[in-house]
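Step one of this worksheet: look at the structure below.
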Amino acid sequence: MTPITTTAELAAFCEKLKGQPFVAVDTEFMRETTYWPKLCLIQAAAPNAEAVIDPLAEDLDLEPFLAVMRDTSILKVFHAARQDVEIFNNLQSMPVPLFDTQVASMAAGFGEQIAYDALVRQMLKVEIDKSSRFTDWARRPLSEAQLSYALADVTHLAKLYPMLRARLEKEGRLVWVTDEMTSLTDPANYDVSPENAWKRLKPRRHTPKYLAVYKAVAAWRERTAQMRDQPRGRILKDEALDELATQAPTDTSGLERLRSVPKGYAGSKFGPDLLEAVRQALKDPEAHAPAVDRAKPAHSPAAGAVVELLKVLLKARAEDAGVASKLIATVSDLEMIANDDEAATPALQGWRREAFGEDALRIKRGELALVLDGTRVRVVEVRRAPKSASA
């Protein structure tokens, strides 16, 4: 098998993709020692065309394939798409529209987060040879075994997609996954701007001083990691950001006293810039502190118990529907419902409300009950005794 290594070859292949209803796509990349994922291989398969593309080849410009990713007339099929989508988004080529077979499999009754090889085994009755899975995809030349393994990923995917889609359509569940697919291609999910880096983290306090420093050092770490192309954790661990925001050191000695900051960090090339970021934030904490949505407090001590009850209801309803529970609601959704009957959560909207949300509200009102029937939880109506007539 010979991978595509020239722009001319790639353009010819992409011509075959034009007019196709869909193209199955997968990537192989390395990012253990870098901030930016290093794209090492692209695999693509449509109903009548398939290829392995070598993005590391010197004579290859990816633009013909990136144009396919941006072509809204061709559906792009992935399995567990998030990291692949991140790569194409970094290349300014968000793959829309998109179909993620892992998300679709949750609605089709294959469990919470089925692995690709397990899905292939169950639907296609094929056993995938995983011996090349963790090889070095950046080393050239690639072996025949690596190329065969890589191409099989998308040829199987191209067979899976029509079967999985037909199954969802037959069961009336295709719309169930539409919102999830749209979310996967929302550029906000892949925002790497340093000023927004703090949003991916969990600040533990909410004072202006703490938040101002927290945002500043998170932005400094993100910017530094990007410029040096190193993982964030190699620049500074997450726990160090919290201690920096709590202690707010402004000089070398203060930075050296922090337990979560490596010894000698203050005197390293990072120290001066990090301290300057802290000092700038402290000049006007009110202005630099980001607005944080505080979690809504529980209305009563019983709220925790309500969440636990809703978890059992969710599991029961998910089993009844043959769908992964995480596709219906998250723990955060349950907490919101426990505290507010009109919470702005997807679990109280559309098909999710029909499958679970309405019953969740009825449980809270005491109109439904959960009973154990052998090893299965059943949801039953609560029969209220009629009020006795007054004498």
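Here's how to read the names in the structure tokens: chain A, B, ... by the order shown, residue numbers from 1 in each chain, ligand numbers from 1 in the order shown.
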request  = From a DSSP pass on the backbone, collect the residues of region 68-180 of chain A flagged as alpha helix (DSSP H) and hand them back as JSON, numbers by chain.
outcome  = {"A": [68, 69, 70, 82, 83, 84, 85, 86, 87, 88, 89, 90, 101, 102, 103, 104, 105, 106, 107, 116, 117, 118, 119, 120, 121, 122, 123, 124, 144, 145, 146, 147, 148, 149, 150, 151, 152, 153, 154, 155, 156, 157, 158, 159, 160, 161, 162, 163, 164, 165, 166, 167, 168, 169, 170, 178, 179, 180]}
Residue contacts of region 75-87 of chain A (8 Å, only C-alpha atoms) excluding same-chain residues fewer than 4 positions away, as a PDB file with N, CA, C and O atoms, in the first residue's frame:
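Contents of around-v3.pdb, as written:
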ATOM      1  N   PRO A  21     -21.816  11.196  -0.818  1.00  0.00           N
ATOM      2  CA  PRO A  21     -22.706  11.580   0.280  1.00  0.00           C
ATOM      3  C   PRO A  21     -21.974  11.744   1.606  1.00  0.00           C
ATOM      4  O   PRO A  21     -22.383  12.534   2.460  1.00  0.00           O
ATOM      5  N   PHE A  22     -20.895  10.985   1.781  1.00  0.00           N
ATOM      6  CA  PHE A  22     -20.134  11.087   3.027  1.00  0.00           C
ATOM      7  C   PHE A  22     -18.717  10.598   2.802  1.00  0.00           C
ATOM      8  O   PHE A  22     -18.421   9.904   1.822  1.00  0.00           O
ATOM      9  N   VAL A  23     -17.830  10.979   3.726  1.00  0.00           N
ATOM     10  CA  VAL A  23     -16.471  10.457   3.750  1.00  0.00           C
ATOM     11  C   VAL A  23     -16.121  10.142   5.198  1.00  0.00           C
ATOM     12  O   VAL A  23     -16.322  10.958   6.096  1.00  0.00           O
ATOM     13  N   ALA A  24     -15.656   8.924   5.434  1.00  0.00           N
ATOM     14  CA  ALA A  24     -15.202   8.519   6.763  1.00  0.00           C
ATOM     15  C   ALA A  24     -13.756   8.972   6.937  1.00  0.00           C
ATOM     16  O   ALA A  24     -12.934   8.799   6.029  1.00  0.00           O
ATOM     17  N   VAL A  25     -13.451   9.553   8.093  1.00  0.00           N
ATOM     18  CA  VAL A  25     -12.134  10.165   8.308  1.00  0.00           C
ATOM     19  C   VAL A  25     -11.572   9.742   9.668  1.00  0.00           C
ATOM     20  O   VAL A  25     -12.309   9.628  10.658  1.00  0.00           O
ATOM     21  N   ASP A  26     -10.287   9.531   9.698  1.00  0.00           N
ATOM     22  CA  ASP A  26      -9.571   9.274  10.956  1.00  0.00           C
ATOM     23  C   ASP A  26      -8.187   9.897  10.828  1.00  0.00           C
ATOM     24  O   ASP A  26      -7.714  10.158   9.715  1.00  0.00           O
ATOM     25  N   THR A  27      -7.546  10.149  11.950  1.00  0.00           N
ATOM     26  CA  THR A  27      -6.190  10.697  11.925  1.00  0.00           C
ATOM     27  C   THR A  27      -5.310   9.940  12.911  1.00  0.00           C
ATOM     28  O   THR A  27      -5.794   9.348  13.876  1.00  0.00           O
ATOM     29  N   PRO A  37      -1.030  19.275  18.556  1.00  0.00           N
ATOM     30  CA  PRO A  37      -0.940  17.900  18.058  1.00  0.00           C
ATOM     31  C   PRO A  37      -0.197  17.857  16.731  1.00  0.00           C
ATOM     32  O   PRO A  37      -0.430  18.693  15.845  1.00  0.00           O
ATOM     33  N   LEU A  39       0.151  16.226  13.399  1.00  0.00           N
ATOM     34  CA  LEU A  39      -0.617  15.377  12.494  1.00  0.00           C
ATOM     35  C   LEU A  39       0.338  14.512  11.671  1.00  0.00           C
ATOM     36  O   LEU A  39       1.176  15.022  10.935  1.00  0.00           O
ATOM     37  N   MET A  69     -13.013  18.984   3.832  1.00  0.00           N
ATOM     38  CA  MET A  69     -13.493  19.118   5.208  1.00  0.00           C
ATOM     39  C   MET A  69     -14.439  20.312   5.351  1.00  0.00           C
ATOM     40  O   MET A  69     -15.389  20.280   6.137  1.00  0.00           O
ATOM     41  N   LEU A  91      -6.431  23.848  11.713  1.00  0.00           N
ATOM     42  CA  LEU A  91      -6.060  24.092  10.317  1.00  0.00           C
ATOM     43  C   LEU A  91      -7.112  24.937   9.597  1.00  0.00           C
ATOM     44  O   LEU A  91      -7.134  24.987   8.366  1.00  0.00           O
ATOM     45  N   MET A  94     -12.928  23.400   9.865  1.00  0.00           N
ATOM     46  CA  MET A  94     -13.873  22.671  10.694  1.00  0.00           C
ATOM     47  C   MET A  94     -14.687  21.693   9.835  1.00  0.00           C
ATOM     48  O   MET A  94     -15.318  22.090   8.855  1.00  0.00           O
ATOM     49  N   PRO A  95     -14.669  20.414  10.170  1.00  0.00           N
ATOM     50  CA  PRO A  95     -15.366  19.412   9.340  1.00  0.00           C
ATOM     51  C   PRO A  95     -16.876  19.402   9.580  1.00  0.00           C
ATOM     52  O   PRO A  95     -17.376  18.723  10.486  1.00  0.00           O
ATOM     53  N   VAL A  96     -17.588  20.160   8.786  1.00  0.00           N
ATOM     54  CA  VAL A  96     -19.043  20.227   8.911  1.00  0.00           C
ATOM     55  C   VAL A  96     -19.683  19.886   7.566  1.00  0.00           C
ATOM     56  O   VAL A  96     -19.114  20.191   6.516  1.00  0.00           O
ATOM     57  N   PRO A  97     -20.873  19.207   7.621  1.00  0.00           N
ATOM     58  CA  PRO A  97     -21.504  18.613   8.800  1.00  0.00           C
ATOM     59  C   PRO A  97     -20.758  17.358   9.256  1.00  0.00           C
ATOM     60  O   PRO A  97     -19.941  16.823   8.503  1.00  0.00           O
ATOM     61  N   LEU A  98     -21.068  16.909  10.455  1.00  0.00           N
ATOM     62  CA  LEU A  98     -20.305  15.824  11.070  1.00  0.00           C
ATOM     63  C   LEU A  98     -21.240  14.769  11.647  1.00  0.00           C
ATOM     64  O   LEU A  98     -22.334  15.090  12.136  1.00  0.00           O
ATOM     65  N   PHE A  99     -20.787  13.532  11.613  1.00  0.00           N
ATOM     66  CA  PHE A  99     -21.501  12.420  12.254  1.00  0.00           C
ATOM     67  C   PHE A  99     -20.488  11.623  13.050  1.00  0.00           C
ATOM     68  O   PHE A  99     -19.505  11.129  12.492  1.00  0.00           O
ATOM     69  N   ASP A 100     -20.711  11.512  14.354  1.00  0.00           N
ATOM     70  CA  ASP A 100     -19.798  10.784  15.244  1.00  0.00           C
ATOM     71  C   ASP A 100     -20.444   9.449  15.603  1.00  0.00           C
ATOM     72  O   ASP A 100     -21.476   9.402  16.269  1.00  0.00           O
ATOM     73  N   THR A 101     -19.829   8.360  15.163  1.00  0.00           N
ATOM     74  CA  THR A 101     -20.438   7.043  15.398  1.00  0.00           C
ATOM     75  C   THR A 101     -20.405   6.647  16.872  1.00  0.00           C
ATOM     76  O   THR A 101     -21.208   5.819  17.306  1.00  0.00           O
ATOM     77  N   GLN A 102     -19.497   7.229  17.656  1.00  0.00           N
ATOM     78  CA  GLN A 102     -19.505   6.915  19.089  1.00  0.00           C
ATOM     79  C   GLN A 102     -20.720   7.542  19.760  1.00  0.00           C
ATOM     80  O   GLN A 102     -21.405   6.897  20.560  1.00  0.00           O
ATOM     81  N   VAL A 103     -21.013   8.795  19.438  1.00  0.00           N
ATOM     82  CA  VAL A 103     -22.211   9.444  19.972  1.00  0.00           C
ATOM     83  C   VAL A 103     -23.462   8.719  19.485  1.00  0.00           C
ATOM     84  O   VAL A 103     -24.383   8.445  20.267  1.00  0.00           O
ATOM     85  N   TYR A 116     -14.109   1.788  19.456  1.00  0.00           N
ATOM     86  CA  TYR A 116     -14.301   1.552  18.029  1.00  0.00           C
ATOM     87  C   TYR A 116     -14.194   0.070  17.677  1.00  0.00           C
ATOM     88  O   TYR A 116     -15.025  -0.461  16.927  1.00  0.00           O
ATOM     89  N   LEU A 157     -15.294   2.078   9.092  1.00  0.00           N
ATOM     90  CA  LEU A 157     -16.158   3.191   9.484  1.00  0.00           C
ATOM     91  C   LEU A 157     -17.146   3.527   8.367  1.00  0.00           C
ATOM     92  O   LEU A 157     -18.313   3.846   8.628  1.00  0.00           O
ATOM     93  N   ALA A 158     -16.687   3.442   7.127  1.00  0.00           N
ATOM     94  CA  ALA A 158     -17.558   3.722   5.989  1.00  0.00           C
ATOM     95  C   ALA A 158     -18.678   2.692   5.869  1.00  0.00           C
ATOM     96  O   ALA A 158     -19.751   2.985   5.329  1.00  0.00           O
ATOM     97  N   TYR A 161     -21.250   3.444   9.210  1.00  0.00           N
ATOM     98  CA  TYR A 161     -22.107   4.623   9.207  1.00  0.00           C
ATOM     99  C   TYR A 161     -23.507   4.373   8.634  1.00  0.00           C
ATOM    100  O   TYR A 161     -24.499   4.692   9.294  1.00  0.00           O
ATOM    101  N   LEU A 184     -20.193  19.286  18.737  1.00  0.00           N
ATOM    102  CA  LEU A 184     -18.828  18.861  18.432  1.00  0.00           C
ATOM    103  C   LEU A 184     -18.120  19.792  17.459  1.00  0.00           C
ATOM    104  O   LEU A 184     -16.892  19.866  17.440  1.00  0.00           O
ATOM    105  N   THR A 185     -18.892  20.497  16.626  1.00  0.00           N
ATOM    106  CA  THR A 185     -18.271  21.400  15.663  1.00  0.00           C
ATOM    107  C   THR A 185     -18.409  22.870  16.066  1.00  0.00           C
ATOM    108  O   THR A 185     -18.210  23.759  15.239  1.00  0.00           O
ATOM    109  N   TYR A 190     -13.053  24.512  21.085  1.00  0.00           N
ATOM    110  CA  TYR A 190     -11.641  24.332  20.733  1.00  0.00           C
ATOM    111  C   TYR A 190     -10.858  25.642  20.855  1.00  0.00           C
ATOM    112  O   TYR A 190      -9.784  25.784  20.278  1.00  0.00           O
TER     113      TYR A 190
END
Pick out the residues sitting within 6 Å of region 7-16 of chain A, and hand them over as a compact mmCIF listing (two decimals) with all heavy atoms, in the first residue's frame; count only C-alpha atoms, and ignore anything fewer than 4 positions along from it in its own chain.
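Contents of result06.txt, freshly written:
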# COMPACT_ATOMS: atom_id res chain seq x y z
N LEU A 60 3.72 17.75 -0.30
CA LEU A 60 2.27 17.68 -0.17
C LEU A 60 1.71 18.91 0.53
O LEU A 60 2.18 19.30 1.60
CB LEU A 60 1.86 16.41 0.60
CG LEU A 60 0.36 16.16 0.66
CD1 LEU A 60 0.04 14.69 0.43
CD2 LEU A 60 -0.19 16.58 2.02
N ASP A 61 0.71 19.52 -0.11
CA ASP A 61 -0.06 20.61 0.47
C ASP A 61 -1.45 20.05 0.78
O ASP A 61 -2.12 19.53 -0.11
CB ASP A 61 -0.16 21.76 -0.53
CG ASP A 61 -0.93 22.96 0.01
OD1 ASP A 61 -1.60 22.83 1.06
OD2 ASP A 61 -0.89 24.03 -0.62
N PRO A 64 -6.22 20.61 -0.75
CA PRO A 64 -7.33 19.91 -1.42
C PRO A 64 -8.20 19.11 -0.45
O PRO A 64 -9.43 19.10 -0.58
CB PRO A 64 -6.61 18.99 -2.42
CG PRO A 64 -5.33 19.69 -2.71
CD PRO A 64 -4.92 20.32 -1.41
query = Which residues come within 9 Å of Lys215 (chain A), counting only C-alpha atoms, excluding same-chain residues fewer than 3 positions away, as JSON, numbers by chain?
reply = {"A": [195, 196, 197, 198, 199, 210, 211, 212, 218, 219, 220, 241, 245, 281, 288, 289, 290]}
request  = Can you work out the spacing between CA of Gly109 (chain A) and CA of Pro162 (chain A) in Å, to one decimal?
outcome  =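 For CA of Gly109 (chain A) relative to CA of Pro162 (chain A), the distance reads 16.2 Å.
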Within 10 Å of Arg376 (chain A) using only C-alpha atoms, minus same-chain residues under 5 positions, as JSON, numbers by chain = {"A": [316, 319, 371]}
Could you save those same residues with C-alpha atoms as a PDB file, in the first residue's frame?
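This is the output file part.pdb:
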ATOM      1  CA  ALA A 316     -33.980   3.169  34.800  1.00  0.00           C
ATOM      2  CA  GLU A 319     -32.279   1.134  30.314  1.00  0.00           C
ATOM      3  CA  VAL A 371     -39.636   0.231  43.188  1.00  0.00           C
TER       4      VAL A 371
END
query = What does the distance between CA of Leu244 (chain A) and CA of Tyr214 (chain A) come to in Å, to one decimal place?
reply = 7.2 Å
request  = Pick out the residues sitting within 8 Å of Gln43 (chain A), and hand them over as an MDAnalysis selection string; count only C-alpha atoms, and ignore anything fewer than 3 positions along from it in its own chain.
outcome  = chainID A and resid 25:27 50:53 150:151 153:154
task = Pick out each residue of region 137-374 of chain A that DSSP on the backbone tags as strand (DSSP E); I need them as a VMD selection string.
result = chain A and resid 368 to 373
If we count only C-alpha atoms, what is near Val126 (chain A) at a cut-off of 9 Å, once residues fewer than 6 positions away on the same chain are taken out, given as a tab-separated table (two decimals) with C-alpha atoms, in the first residue's frame?
chain	number	residue	atom	x	y	z
A	117	ASP	CA	-13.00	-2.02	17.87
A	120	VAL	CA	-16.82	-3.01	14.64
A	156	HIS	CA	-14.81	-0.20	8.48
ask   = So how many Å separate CA of Asp242 (chain A) and CA of Pro203 (chain A), to one decimal?
value =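 Going from CA of Asp242 (chain A) over to CA of Pro203 (chain A), I get 6.9 Å.
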key: Best match for closeness to Lys125 (chain A) among A:Val323, A:Ala108, A:Val331, A:Lys159, counting only C-alpha atoms   =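 Checking each of A:Val323, A:Ala108, A:Val331, A:Lys159 against Lys125 (chain A), counting only C-alpha atoms, the winner is A:Lys159.
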inquiry  = Using only C-alpha atoms for the distances, tell me which of A:Leu282, A:Met106, A:Leu361, A:Val192 is nearest to Ile328 (chain A).
reply    =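 Using only C-alpha atoms, the shortest distance to Ile328 (chain A) belongs to A:Met106.
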